[in-house]
file structure-v3.cif (mmCIF, C-alpha atoms)
data_protein
#
loop_
_atom_site.label_atom_id
_atom_site.label_comp_id
_atom_site.auth_asym_id
_atom_site.auth_seq_id
_atom_site.Cartn_x
_atom_site.Cartn_y
_atom_site.Cartn_z
CA MET A 405 -145.44 -207.56 265.85
CA GLU A 406 -147.54 -210.37 267.25
CA THR A 407 -151.01 -209.41 268.37
CA ASP A 408 -153.62 -211.68 269.90
CA SER A 409 -157.36 -211.63 269.56
CA ILE A 410 -160.03 -213.65 271.29
CA SER A 411 -160.93 -216.71 269.25
CA SER A 412 -164.28 -216.45 267.52
CA SER A 413 -165.00 -220.18 267.76
CA PHE A 414 -164.52 -223.09 270.14
CA SER A 415 -164.48 -226.75 269.14
CA TYR A 416 -165.03 -229.59 271.58
CA LEU A 417 -165.82 -233.27 270.95
CA GLY A 418 -166.50 -232.55 267.30
CA ARG A 419 -168.96 -229.76 268.06
CA LYS A 420 -168.11 -226.22 266.98
CA PHE A 421 -169.39 -223.20 268.87
CA SER A 422 -169.01 -220.09 266.69
CA ASN A 423 -169.22 -216.34 267.13
CA LEU A 424 -167.93 -216.43 270.67
CA ASN A 425 -165.89 -213.23 270.47
CA ILE A 426 -166.58 -210.14 272.53
CA ASN A 427 -167.31 -207.28 270.16
CA ASP A 428 -169.06 -204.68 272.29
CA ASP A 429 -166.05 -203.49 274.26
CA SER A 430 -166.60 -199.92 273.05
CA ALA A 431 -169.50 -199.70 275.47
CA ALA A 432 -167.19 -200.58 278.34
CA PHE A 433 -164.23 -198.44 277.32
CA SER A 434 -164.70 -194.78 276.49
CA ASP A 435 -161.76 -192.85 275.09
CA CYS A 436 -159.70 -190.66 277.38
CA ASN A 437 -160.82 -187.13 276.60
CA SER A 438 -158.99 -183.90 277.29
CA ASP A 439 -157.83 -183.22 280.80
CA ARG A 440 -160.21 -182.50 283.61
CA SER A 441 -157.74 -180.68 285.83
CA GLY A 442 -158.26 -177.12 287.02
CA GLU A 443 -158.22 -174.13 284.69
CA PHE A 444 -156.19 -170.96 285.09
CA PRO A 445 -156.69 -168.79 288.16
CA THR A 446 -158.84 -166.07 286.60
CA ALA A 447 -157.33 -163.31 288.76
CA SER A 448 -154.28 -163.23 286.50
CA SER A 449 -154.36 -160.72 283.63
CA GLN A 450 -152.34 -163.20 281.57
CA SER A 451 -155.02 -165.80 282.23
CA ARG A 452 -157.72 -163.45 281.03
CA LEU A 453 -155.79 -162.85 277.82
CA LEU A 454 -155.48 -166.60 277.27
CA LEU A 455 -159.17 -167.16 277.89
CA LEU A 456 -159.97 -164.41 275.41
CA ALA A 457 -157.60 -166.00 272.91
CA CYS A 458 -159.46 -169.29 273.23
CA ALA A 459 -162.62 -167.52 272.17
CA SER A 460 -160.87 -165.88 269.23
CA ASP A 461 -160.40 -167.31 265.77
CA ASN A 462 -156.96 -165.72 265.45
CA SER A 463 -154.77 -167.67 267.86
CA GLU A 464 -151.66 -168.18 265.67
CA GLU A 465 -149.77 -165.18 267.06
CA LEU A 466 -150.44 -166.21 270.65
CA ILE A 467 -149.46 -169.84 269.93
CA SER A 468 -146.18 -168.68 268.41
CA GLN A 469 -145.41 -166.59 271.50
CA LEU A 470 -146.26 -169.43 273.86
CA VAL A 471 -144.06 -171.88 271.96
CA SER A 472 -141.22 -169.39 272.22
CA ASP A 473 -141.84 -169.01 275.97
CA LEU A 474 -141.59 -172.79 276.41
CA GLN A 475 -137.86 -172.41 275.75
CA SER A 476 -137.38 -169.56 278.20
CA ASP A 477 -134.87 -169.85 281.06
CA ASP A 478 -137.55 -168.62 283.45
CA ILE A 479 -139.52 -171.54 284.88
CA ASP A 480 -142.60 -169.39 285.48
CA ASP A 481 -142.63 -168.40 281.82
CA LYS A 482 -142.46 -172.08 280.89
CA LYS A 483 -145.31 -172.92 283.22
CA GLN A 484 -147.50 -170.13 281.88
CA ALA A 485 -146.73 -171.16 278.30
CA ALA A 486 -147.48 -174.85 278.94
CA MET A 487 -150.70 -173.95 280.71
CA GLY A 488 -151.72 -171.70 277.85
CA LEU A 489 -151.06 -174.33 275.20
CA ARG A 490 -152.94 -176.90 277.25
CA LEU A 491 -155.98 -174.66 277.42
CA LEU A 492 -155.83 -173.74 273.75
CA ALA A 493 -155.56 -177.41 272.76
CA LYS A 494 -158.29 -178.46 275.15
CA ASN A 495 -161.03 -176.10 274.08
CA LYS A 496 -160.49 -175.88 270.32
CA PRO A 497 -159.69 -179.02 268.32
CA GLU A 498 -158.38 -176.96 265.40
CA ASN A 499 -155.74 -175.44 267.68
CA ARG A 500 -154.17 -178.88 268.17
CA ILE A 501 -152.89 -178.88 264.61
CA LYS A 502 -151.80 -175.24 264.84
CA ILE A 503 -149.83 -175.85 268.03
CA ALA A 504 -148.08 -178.91 266.63
CA ARG A 505 -147.20 -177.08 263.42
CA ALA A 506 -145.80 -174.19 265.46
CA GLY A 507 -143.19 -176.56 266.89
CA ALA A 508 -144.57 -177.02 270.40
CA ILE A 509 -144.24 -180.78 270.73
CA LYS A 510 -140.47 -181.14 271.24
CA PRO A 511 -140.20 -178.43 273.94
CA LEU A 512 -143.29 -179.86 275.66
CA VAL A 513 -141.69 -183.32 275.66
CA SER A 514 -138.60 -181.75 277.23
CA ILE A 515 -140.78 -180.17 279.93
CA ILE A 516 -142.27 -183.57 280.80
CA SER A 517 -138.79 -184.58 281.99
CA SER A 518 -138.62 -181.62 284.39
CA ASN A 519 -137.99 -182.22 288.08
CA ASP A 520 -140.53 -179.49 288.84
CA ALA A 521 -143.72 -181.47 289.50
CA GLN A 522 -146.09 -178.68 288.45
CA LEU A 523 -144.23 -177.95 285.23
CA GLN A 524 -144.16 -181.67 284.44
CA GLU A 525 -147.91 -181.90 285.01
CA TYR A 526 -148.59 -178.99 282.66
CA GLY A 527 -146.38 -180.54 279.99
CA VAL A 528 -148.04 -183.95 280.30
CA THR A 529 -151.50 -182.41 280.09
CA ALA A 530 -150.64 -180.31 277.06
CA ILE A 531 -149.27 -183.40 275.29
CA LEU A 532 -152.44 -185.32 276.18
CA ASN A 533 -154.61 -182.64 274.62
CA LEU A 534 -152.45 -182.53 271.49
CA SER A 535 -152.60 -186.33 271.23
CA LEU A 536 -156.37 -186.14 270.83
CA CYS A 537 -155.65 -185.16 267.23
CA ASP A 538 -154.76 -188.28 265.25
CA GLU A 539 -152.40 -186.31 263.03
CA ASN A 540 -150.22 -185.48 266.04
CA LYS A 541 -149.72 -188.99 267.41
CA ASP A 542 -146.81 -190.00 265.19
CA LEU A 543 -145.03 -186.71 265.78
CA ILE A 544 -145.46 -186.99 269.56
CA ALA A 545 -144.06 -190.54 269.59
CA SER A 546 -141.20 -189.74 267.22
CA SER A 547 -140.29 -186.73 269.37
CA GLY A 548 -139.39 -189.11 272.20
CA ALA A 549 -142.48 -188.62 274.37
CA ILE A 550 -142.98 -192.22 275.45
CA ARG A 551 -140.22 -192.52 278.06
CA PRO A 552 -140.91 -189.12 279.69
CA LEU A 553 -144.61 -189.98 279.84
CA VAL A 554 -143.77 -193.30 281.51
CA ARG A 555 -141.61 -191.44 284.03
CA ALA A 556 -144.48 -189.04 284.77
CA LEU A 557 -146.82 -192.01 285.09
CA LYS A 558 -144.52 -193.43 287.74
CA LEU A 559 -143.40 -190.35 289.64
CA GLY A 560 -145.73 -187.46 288.79
CA THR A 561 -148.58 -185.81 290.65
CA SER A 562 -151.94 -187.54 290.72
CA THR A 563 -153.13 -185.46 287.76
CA ALA A 564 -149.88 -186.03 285.85
CA ARG A 565 -150.17 -189.80 286.35
CA GLU A 566 -153.77 -189.90 285.13
CA ASN A 567 -153.08 -187.69 282.13
CA ALA A 568 -149.90 -189.62 281.29
CA ALA A 569 -151.95 -192.84 281.26
CA CYS A 570 -154.43 -191.18 278.88
CA ALA A 571 -151.65 -189.86 276.63
CA LEU A 572 -150.04 -193.31 276.45
CA LEU A 573 -153.42 -194.77 275.59
CA ARG A 574 -153.77 -192.33 272.72
CA LEU A 575 -150.28 -193.18 271.43
CA SER A 576 -150.98 -196.92 271.78
CA GLN A 577 -153.77 -196.58 269.24
CA ILE A 578 -150.95 -196.72 266.70
CA GLU A 579 -150.06 -200.42 266.68
CA GLU A 580 -146.28 -200.06 266.41
CA ASN A 581 -146.21 -197.91 269.56
CA LYS A 582 -147.64 -200.69 271.75
CA ILE A 583 -144.40 -202.64 272.03
CA ALA A 584 -142.35 -199.45 272.53
CA ILE A 585 -144.64 -198.39 275.38
CA GLY A 586 -144.50 -201.86 276.95
CA ARG A 587 -140.72 -202.00 276.72
CA SER A 588 -140.41 -198.52 278.25
CA GLY A 589 -141.74 -199.79 281.58
CA ALA A 590 -145.26 -198.39 281.40
CA ILE A 591 -147.13 -201.54 282.36
CA PRO A 592 -146.00 -201.93 286.01
CA SER A 593 -146.86 -198.27 286.61
CA LEU A 594 -150.27 -198.70 284.97
CA VAL A 595 -150.90 -201.78 287.12
CA ASN A 596 -149.94 -199.75 290.20
CA LEU A 597 -152.36 -196.98 289.17
CA LEU A 598 -155.06 -199.60 288.59
CA GLY A 599 -154.62 -200.84 292.14
CA SER A 600 -154.06 -197.60 294.04
CA GLY A 601 -155.44 -194.72 291.99
CA ASN A 602 -158.71 -192.87 292.42
CA PHE A 603 -161.65 -193.83 290.23
CA ARG A 604 -160.48 -191.81 287.27
CA GLY A 605 -156.94 -193.20 287.62
CA LYS A 606 -158.21 -196.77 287.77
CA LYS A 607 -160.42 -196.24 284.73
CA ASP A 608 -157.68 -194.63 282.67
CA ALA A 609 -155.13 -197.28 283.67
CA CYS A 610 -157.56 -200.07 282.83
CA THR A 611 -158.33 -198.57 279.42
CA ALA A 612 -154.63 -198.13 278.61
CA LEU A 613 -153.86 -201.70 279.70
CA TYR A 614 -156.68 -203.02 277.55
CA SER A 615 -155.16 -201.31 274.52
CA LEU A 616 -151.57 -202.37 275.27
CA CYS A 617 -152.40 -205.99 276.09
CA SER A 618 -153.54 -206.79 272.59
CA VAL A 619 -149.80 -207.48 272.15
CA LYS A 620 -148.72 -210.84 273.55
CA GLU A 621 -145.50 -209.70 275.21
CA ASN A 622 -147.42 -206.98 277.05
CA LYS A 623 -149.81 -209.60 278.41
CA ILE A 624 -146.86 -211.37 280.02
CA ARG A 625 -145.56 -208.08 281.41
CA ALA A 626 -148.96 -207.29 282.91
CA VAL A 627 -149.21 -210.69 284.61
CA GLN A 628 -145.65 -210.40 285.94
CA ALA A 629 -146.48 -206.91 287.26
CA GLY A 630 -149.28 -208.40 289.39
CA ILE A 631 -152.30 -207.22 287.43
CA MET A 632 -154.50 -210.14 288.50
CA LYS A 633 -154.90 -208.99 292.09
CA PRO A 634 -156.46 -205.58 291.27
CA LEU A 635 -158.47 -207.03 288.37
CA VAL A 636 -160.06 -209.71 290.56
CA GLU A 637 -160.69 -207.20 293.37
CA LEU A 638 -162.41 -204.79 291.00
CA MET A 639 -164.52 -207.55 289.43
CA ALA A 640 -165.59 -208.69 292.89
CA ASP A 641 -166.75 -205.19 293.85
CA PHE A 642 -170.02 -204.54 292.04
CA GLU A 643 -170.05 -201.00 293.46
CA SER A 644 -166.71 -200.16 291.85
CA ASN A 645 -168.21 -199.42 288.42
CA MET A 646 -165.18 -201.27 287.10
CA VAL A 647 -166.56 -204.80 286.70
CA ASP A 648 -166.98 -204.54 282.94
CA LYS A 649 -163.63 -202.88 282.26
CA SER A 650 -161.70 -205.31 284.48
CA ALA A 651 -163.44 -208.31 282.95
CA PHE A 652 -162.60 -207.17 279.43
CA VAL A 653 -158.92 -206.81 280.35
CA LEU A 654 -158.92 -210.25 281.98
CA ASN A 655 -160.62 -211.69 278.90
CA LEU A 656 -157.64 -210.48 276.84
CA LEU A 657 -155.03 -211.78 279.27
CA VAL A 658 -156.46 -215.22 280.01
CA SER A 659 -155.45 -216.55 276.61
CA THR A 660 -151.96 -217.07 278.11
CA PRO A 661 -151.14 -219.94 280.51
CA GLU A 662 -149.42 -217.51 282.90
CA ALA A 663 -152.58 -215.47 283.20
CA ARG A 664 -154.77 -218.53 283.78
CA ALA A 665 -152.54 -219.66 286.64
CA ALA A 666 -152.48 -216.15 288.13
CA VAL A 667 -156.25 -215.61 288.07
CA VAL A 668 -156.81 -218.95 289.81
CA GLU A 669 -154.16 -218.12 292.41
CA GLU A 670 -155.83 -214.77 293.13
CA GLY A 671 -159.21 -216.42 293.73
CA GLY A 672 -160.73 -215.42 290.42
CA ILE A 673 -162.88 -218.51 289.82
CA PRO A 674 -165.49 -217.87 292.55
CA VAL A 675 -165.64 -214.21 291.49
CA LEU A 676 -166.31 -215.19 287.87
CA VAL A 677 -168.98 -217.71 288.89
CA GLU A 678 -170.67 -215.02 291.00
CA ILE A 679 -170.70 -212.69 287.99
CA VAL A 680 -172.40 -215.44 285.93
CA GLU A 681 -175.02 -215.67 288.67
CA VAL A 682 -175.77 -212.00 289.40
CA GLY A 683 -174.00 -209.79 286.84
CA THR A 684 -175.52 -207.86 283.98
CA GLN A 685 -176.06 -209.68 280.69
CA ARG A 686 -172.80 -208.33 279.28
CA GLN A 687 -170.87 -209.15 282.47
CA LYS A 688 -172.24 -212.69 282.43
CA GLU A 689 -171.20 -213.18 278.82
CA VAL A 690 -167.64 -211.96 279.43
CA ALA A 691 -167.32 -214.05 282.61
CA VAL A 692 -168.42 -217.21 280.79
CA GLY A 693 -165.92 -216.47 278.03
CA ILE A 694 -163.14 -216.20 280.61
CA LEU A 695 -164.19 -219.43 282.33
CA LEU A 696 -164.30 -221.16 278.95
CA GLN A 697 -160.70 -220.16 278.30
CA LEU A 698 -159.68 -221.20 281.82
CA CYS A 699 -161.16 -224.62 281.27
CA GLU A 700 -158.92 -225.23 278.30
CA ASP A 701 -156.61 -226.36 281.12
CA LYS A 702 -158.21 -229.54 282.46
CA THR A 703 -156.73 -228.79 285.87
CA TYR A 704 -159.24 -226.01 286.46
CA ARG A 705 -162.42 -227.75 285.35
CA THR A 706 -163.04 -229.42 288.70
CA MET A 707 -162.48 -226.09 290.48
CA VAL A 708 -165.03 -224.33 288.27
CA ALA A 709 -167.61 -227.10 288.72
CA ARG A 710 -167.13 -227.20 292.49
CA GLU A 711 -167.81 -223.45 292.71
CA GLY A 712 -171.36 -224.18 291.54
CA ALA A 713 -171.00 -222.94 287.99
CA ILE A 714 -173.40 -225.42 286.37
CA PRO A 715 -176.79 -224.03 287.59
CA PRO A 716 -176.17 -220.41 286.52
CA LEU A 717 -174.68 -221.65 283.25
CA VAL A 718 -177.81 -223.67 282.53
CA ALA A 719 -179.95 -220.62 283.33
CA LEU A 720 -177.83 -218.42 281.06
CA SER A 721 -178.02 -220.96 278.23
CA GLN A 722 -181.79 -220.50 278.32
CA THR A 723 -182.14 -216.76 278.92
CA GLY A 724 -178.95 -215.08 277.74
CA THR A 725 -178.04 -213.39 274.48
CA SER A 726 -177.25 -215.63 271.51
CA ARG A 727 -173.50 -215.38 272.17
CA ALA A 728 -173.98 -215.95 275.90
CA LYS A 729 -176.08 -219.04 275.15
CA GLN A 730 -173.38 -220.44 272.85
CA LYS A 731 -170.66 -219.84 275.40
CA SER A 732 -172.72 -221.33 278.22
CA GLU A 733 -173.45 -224.45 276.16
CA ALA A 734 -169.76 -224.78 275.28
CA LEU A 735 -168.70 -224.52 278.92
CA ILE A 736 -171.38 -226.95 280.09
CA GLU A 737 -170.12 -229.46 277.52
CA VAL A 738 -166.57 -229.03 278.84
CA LEU A 739 -167.58 -229.38 282.49
CA ARG A 740 -169.62 -232.53 281.79
CA GLN A 741 -166.51 -234.41 280.68
CA PRO A 742 -164.54 -236.53 283.17
CA ARG A 743 -162.06 -234.32 284.96
CA SER A 744 -158.65 -235.05 286.36
CA GLY A 745 -159.01 -237.27 289.38
CA ASP A 746 -162.68 -238.06 288.70
CA ALA A 747 -164.07 -241.35 287.45
CA ALA A 748 -166.18 -241.01 284.33
CA PRO A 749 -169.50 -242.28 285.77
CA SER A 750 -169.33 -240.19 288.94
CA ALA A 751 -168.46 -237.09 286.94
CA ARG A 752 -171.55 -237.55 284.79
CA THR A 753 -173.71 -238.18 287.84
CA SER A 754 -172.47 -235.14 289.72
CA VAL A 755 -173.31 -232.88 286.82
#

call {"tool": "encode", "arguments": {"input": "structure-v3.cif", "output": "structure tokens"}}
result
Amino acid sequence: METDSISSSFSYLGRKFSNLNINDDSAAFSDCNSDRSGEFPTASSQSRLLLLACASDNSEELISQLVSDLQSDDIDDKKQAAMGLRLLAKNKPENRIKIARAGAIKPLVSIISSNDAQLQEYGVTAILNLSLCDENKDLIASSGAIRPLVRALKLGTSTARENAACALLRLSQIEENKIAIGRSGAIPSLVNLLGSGNFRGKKDACTALYSLCSVKENKIRAVQAGIMKPLVELMADFESNMVDKSAFVLNLLVSTPEARAAVVEEGGIPVLVEIVEVGTQRQKEVAVGILLQLCEDKTYRTMVAREGAIPPLVALSQTGTSRAKQKSEALIEVLRQPRSGDAAPSARTSV
């Protein structure tokens, strides 16, 4: 499997700029945690029993019964069982291993394919909570969960879509699953959620795309699915609380020529220059890194310079972090060279 990483150095005119990689993405991307959907209606006596079981140390008998109920012909029994397993897995990490060992994963995967939207949502959410345990990830993937999760991501309720994105993110943390998830059609649905979901949906989709797009073929899929439009829109909206996440995803994608063309077409250059001017220190650093990669194509250097990039770059080269200073200096060097259609003397003078 071919994976890409951002280059840690940049050489231009015999000068090498090192340590240019972004290595603080963990501050931008937090893991998807267990579901945040509603709990059981407490009026139900069954619900009270389940809540009591969650507080008990002896849950094996209840887990065994719930796993059995997952295979019932009665849809209400299945729903109650899936809800119960979701709650048990959510509130007690040790239950995640117990539930998987009790044989719950295959019937839960089957439930995810249900045409009943509520039952599908419960199944997706239970699988998400089980996937929080690293030991369960391989078993979930090998049980055929990826395609049903992608279907739920595309067609499920709002909660099912968000939790399916989180579950796919968890599975993508195993490298060999990334291509399987990409080839199962997840990326267009994640791009759609990134553009049209609520805040949680956008965040979860962005995080999953960041994980999946470390694989080159998934980068191409994301660009073909139209990811640049929502990424640029989110980066342009400083009130979205998505500037950092979107910029990190773009920083991954822009290593490909298709992505560079798409970000320019969607008006990304002025947005990136604005971030260099008024963003946070981290946002400025990521934006300069993206512009530096864009300017590997000589075609775009004039466009970047004409957007007024030089003054904020000079300021950042004096006041930014050590990596931001290196990147700014590298980009200034690139932009000071004669560009396509410019005469050498006039290019120097204009800068």

call {"tool": "closest_residue", "arguments": {"input": "structure-v3.cif", "among": "A:Thr723, A:Asn655, A:Ser535, A:Gln730", "to": "Ala691 (chain A)", "atoms": "all atoms listed in the file"}}
result
A:Asn655

call {"tool": "residues_around", "arguments": {"input": "structure-v3.cif", "residues": "region 605-611 of chain A", "least_positions_apart": "6", "cutoff": "7 Å", "atoms": "all atoms listed in the file", "output": "ChimeraX atom specification"}}
result
/A:433,436,566,569-570,594,597-599,649-650

call {"tool": "write_last_selection", "arguments": {"input": "structure-v3.cif", "atoms": "C-alpha atoms", "output": "short mmCIF file (atom, residue, chain, number, x, y, z; two decimals), keeping the file's coordinate frame"}}
result
data_model
loop_
_atom_site.label_atom_id
_atom_site.label_comp_id
_atom_site.auth_asym_id
_atom_site.auth_seq_id
_atom_site.Cartn_x
_atom_site.Cartn_y
_atom_site.Cartn_z
CA PHE A 433 -164.23 -198.44 277.32
CA CYS A 436 -159.70 -190.66 277.38
CA GLU A 566 -153.77 -189.90 285.13
CA ALA A 569 -151.95 -192.84 281.26
CA CYS A 570 -154.43 -191.18 278.88
CA LEU A 594 -150.27 -198.70 284.97
CA LEU A 597 -152.36 -196.98 289.17
CA LEU A 598 -155.06 -199.60 288.59
CA GLY A 599 -154.62 -200.84 292.14
CA LYS A 649 -163.63 -202.88 282.26
CA SER A 650 -161.70 -205.31 284.48
#

call {"tool": "residues_near_point", "arguments": {"input": "structure-v3.cif", "point": "(-142.3, -187.4, 276.0)", "cutoff": "10 Å", "atoms": "all atoms listed in the file", "output": "PyMOL selection string"}}
result
chain A and resi 509-517+527-528+531+544-556+568+571-572

call {"tool": "write_last_selection", "arguments": {"input": "structure-v3.cif", "atoms": "C-alpha atoms", "output": "PDB file, in the coordinates of the input"}}
result
ATOM      1  CA  ILE A 509    -144.240-180.780 270.730  1.00  0.00           C
ATOM      2  CA  LYS A 510    -140.470-181.140 271.240  1.00  0.00           C
ATOM      3  CA  PRO A 511    -140.200-178.430 273.940  1.00  0.00           C
ATOM      4  CA  LEU A 512    -143.290-179.860 275.660  1.00  0.00           C
ATOM      5  CA  VAL A 513    -141.690-183.320 275.660  1.00  0.00           C
ATOM      6  CA  SER A 514    -138.600-181.750 277.230  1.00  0.00           C
ATOM      7  CA  ILE A 515    -140.780-180.170 279.930  1.00  0.00           C
ATOM      8  CA  ILE A 516    -142.270-183.570 280.800  1.00  0.00           C
ATOM      9  CA  SER A 517    -138.790-184.580 281.990  1.00  0.00           C
ATOM     10  CA  GLY A 527    -146.380-180.540 279.990  1.00  0.00           C
ATOM     11  CA  VAL A 528    -148.040-183.950 280.300  1.00  0.00           C
ATOM     12  CA  ILE A 531    -149.270-183.400 275.290  1.00  0.00           C
ATOM     13  CA  ILE A 544    -145.460-186.990 269.560  1.00  0.00           C
ATOM     14  CA  ALA A 545    -144.060-190.540 269.590  1.00  0.00           C
ATOM     15  CA  SER A 546    -141.200-189.740 267.220  1.00  0.00           C
ATOM     16  CA  SER A 547    -140.290-186.730 269.370  1.00  0.00           C
ATOM     17  CA  GLY A 548    -139.390-189.110 272.200  1.00  0.00           C
ATOM     18  CA  ALA A 549    -142.480-188.620 274.370  1.00  0.00           C
ATOM     19  CA  ILE A 550    -142.980-192.220 275.450  1.00  0.00           C
ATOM     20  CA  ARG A 551    -140.220-192.520 278.060  1.00  0.00           C
ATOM     21  CA  PRO A 552    -140.910-189.120 279.690  1.00  0.00           C
ATOM     22  CA  LEU A 553    -144.610-189.980 279.840  1.00  0.00           C
ATOM     23  CA  VAL A 554    -143.770-193.300 281.510  1.00  0.00           C
ATOM     24  CA  ARG A 555    -141.610-191.440 284.030  1.00  0.00           C
ATOM     25  CA  ALA A 556    -144.480-189.040 284.770  1.00  0.00           C
ATOM     26  CA  ALA A 568    -149.900-189.620 281.290  1.00  0.00           C
ATOM     27  CA  ALA A 571    -151.650-189.860 276.630  1.00  0.00           C
ATOM     28  CA  LEU A 572    -150.040-193.310 276.450  1.00  0.00           C
TER      29      LEU A 572
END

call {"tool": "resolve_selection", "arguments": {"input": "structure-v3.cif", "expression": "the PyMOL selection byres ((chain A and resi 704-707) around 10)", "output": "mmCIF file with C-alpha atoms, in the frame of the given file"}}
result
data_model
loop_
_atom_site.group_PDB
_atom_site.id
_atom_site.type_symbol
_atom_site.label_atom_id
_atom_site.label_comp_id
_atom_site.auth_asym_id
_atom_site.auth_seq_id
_atom_site.Cartn_x
_atom_site.Cartn_y
_atom_site.Cartn_z
ATOM 1 C CA ARG A 664 -154.770 -218.530 283.780
ATOM 2 C CA ALA A 665 -152.540 -219.660 286.640
ATOM 3 C CA VAL A 668 -156.810 -218.950 289.810
ATOM 4 C CA ILE A 673 -162.880 -218.510 289.820
ATOM 5 C CA PRO A 674 -165.490 -217.870 292.550
ATOM 6 C CA LEU A 695 -164.190 -219.430 282.330
ATOM 7 C CA LEU A 696 -164.300 -221.160 278.950
ATOM 8 C CA LEU A 698 -159.680 -221.200 281.820
ATOM 9 C CA CYS A 699 -161.160 -224.620 281.270
ATOM 10 C CA GLU A 700 -158.920 -225.230 278.300
ATOM 11 C CA ASP A 701 -156.610 -226.360 281.120
ATOM 12 C CA LYS A 702 -158.210 -229.540 282.460
ATOM 13 C CA THR A 703 -156.730 -228.790 285.870
ATOM 14 C CA VAL A 708 -165.030 -224.330 288.270
ATOM 15 C CA ALA A 709 -167.610 -227.100 288.720
ATOM 16 C CA ARG A 710 -167.130 -227.200 292.490
ATOM 17 C CA GLU A 711 -167.810 -223.450 292.710
ATOM 18 C CA GLY A 712 -171.360 -224.180 291.540
ATOM 19 C CA ALA A 713 -171.000 -222.940 287.990
ATOM 20 C CA LEU A 735 -168.700 -224.520 278.920
ATOM 21 C CA VAL A 738 -166.570 -229.030 278.840
ATOM 22 C CA LEU A 739 -167.580 -229.380 282.490
ATOM 23 C CA ARG A 740 -169.620 -232.530 281.790
ATOM 24 C CA GLN A 741 -166.510 -234.410 280.680
ATOM 25 C CA PRO A 742 -164.540 -236.530 283.170
ATOM 26 C CA ARG A 743 -162.060 -234.320 284.960
ATOM 27 C CA SER A 744 -158.650 -235.050 286.360
ATOM 28 C CA GLY A 745 -159.010 -237.270 289.380
ATOM 29 C CA ASP A 746 -162.680 -238.060 288.700
ATOM 30 C CA ALA A 751 -168.460 -237.090 286.940
#

call {"tool": "residues_around", "arguments": {"input": "structure-v3.cif", "residues": "Glu464 (chain A)", "least_positions_apart": "2", "cutoff": "9 Å", "atoms": "all atoms listed in the file", "output": "list of chain:residue names"}}
result
A:Asp461, A:Asn462, A:Leu466, A:Ile467, A:Ser468, A:Gln469, A:Asn499, A:Lys502, A:Ile503, A:Ala506

call {"tool": "residues_around", "arguments": {"input": "structure-v3.cif", "residues": "Asn622 (chain A)", "least_positions_apart": "4", "cutoff": "12 Å", "atoms": "only C-alpha atoms", "output": "ChimeraX atom specification"}}
result
/A:405-408,576,581-592,594-595,612-618,626-629,631,653,656-657,660,663

call {"tool": "atom_distance", "arguments": {"input": "structure-v3.cif", "atom1": "CA of Leu532 (chain A)", "atom2": "CA of Glu465 (chain A)"}}
result
22.3 Å

call {"tool": "atom_distance", "arguments": {"input": "structure-v3.cif", "atom1": "CA of Leu523 (chain A)", "atom2": "CA of Ala485 (chain A)"}}
result
10.0 Å

call {"tool": "atom_distance", "arguments": {"input": "structure-v3.cif", "atom1": "CA of Ala734 (chain A)", "atom2": "CA of Val647 (chain A)"}}
result
23.2 Å

call {"tool": "axis_aligned_box", "arguments": {"input": "structure-v3.cif", "around": "region 520-534 of chain A", "padding_each_side": "6 Å", "output": "lines of an AutoDock Vina configuration file"}}
result
center_x = -147.6
center_y = -181.6
center_z = 280.5
size_x = 26.1
size_y = 19.4
size_z = 30.0

call {"tool": "closest_residue", "arguments": {"input": "structure-v3.cif", "among": "A:Val682, A:Val677, A:Ala521, A:Val619", "to": "Ser732 (chain A)", "atoms": "only C-alpha atoms"}}
result
A:Val677

call {"tool": "resolve_selection", "arguments": {"input": "structure-v3.cif", "expression": "the PyMOL selection byres ((chain A and resi 716) around 9)", "output": "MDAnalysis selection string"}}
result
chainID A and resid 677:678 680:682 712:715 717:721

call {"tool": "write_last_selection", "arguments": {"input": "structure-v3.cif", "atoms": "C-alpha atoms", "output": "compact mmCIF listing (two decimals), keeping the file's coordinate frame"}}
result
# COMPACT_ATOMS: atom_id res chain seq x y z
CA VAL A 677 -168.98 -217.71 288.89
CA GLU A 678 -170.67 -215.02 291.00
CA VAL A 680 -172.40 -215.44 285.93
CA GLU A 681 -175.02 -215.67 288.67
CA VAL A 682 -175.77 -212.00 289.40
CA GLY A 712 -171.36 -224.18 291.54
CA ALA A 713 -171.00 -222.94 287.99
CA ILE A 714 -173.40 -225.42 286.37
CA PRO A 715 -176.79 -224.03 287.59
CA LEU A 717 -174.68 -221.65 283.25
CA VAL A 718 -177.81 -223.67 282.53
CA ALA A 719 -179.95 -220.62 283.33
CA LEU A 720 -177.83 -218.42 281.06
CA SER A 721 -178.02 -220.96 278.23

call {"tool": "closest_residue", "arguments": {"input": "structure-v3.cif", "among": "A:Val636, A:Leu489, A:Glu670, A:Leu559", "to": "Ser472 (chain A)", "atoms": "only C-alpha atoms"}}
result
A:Leu489
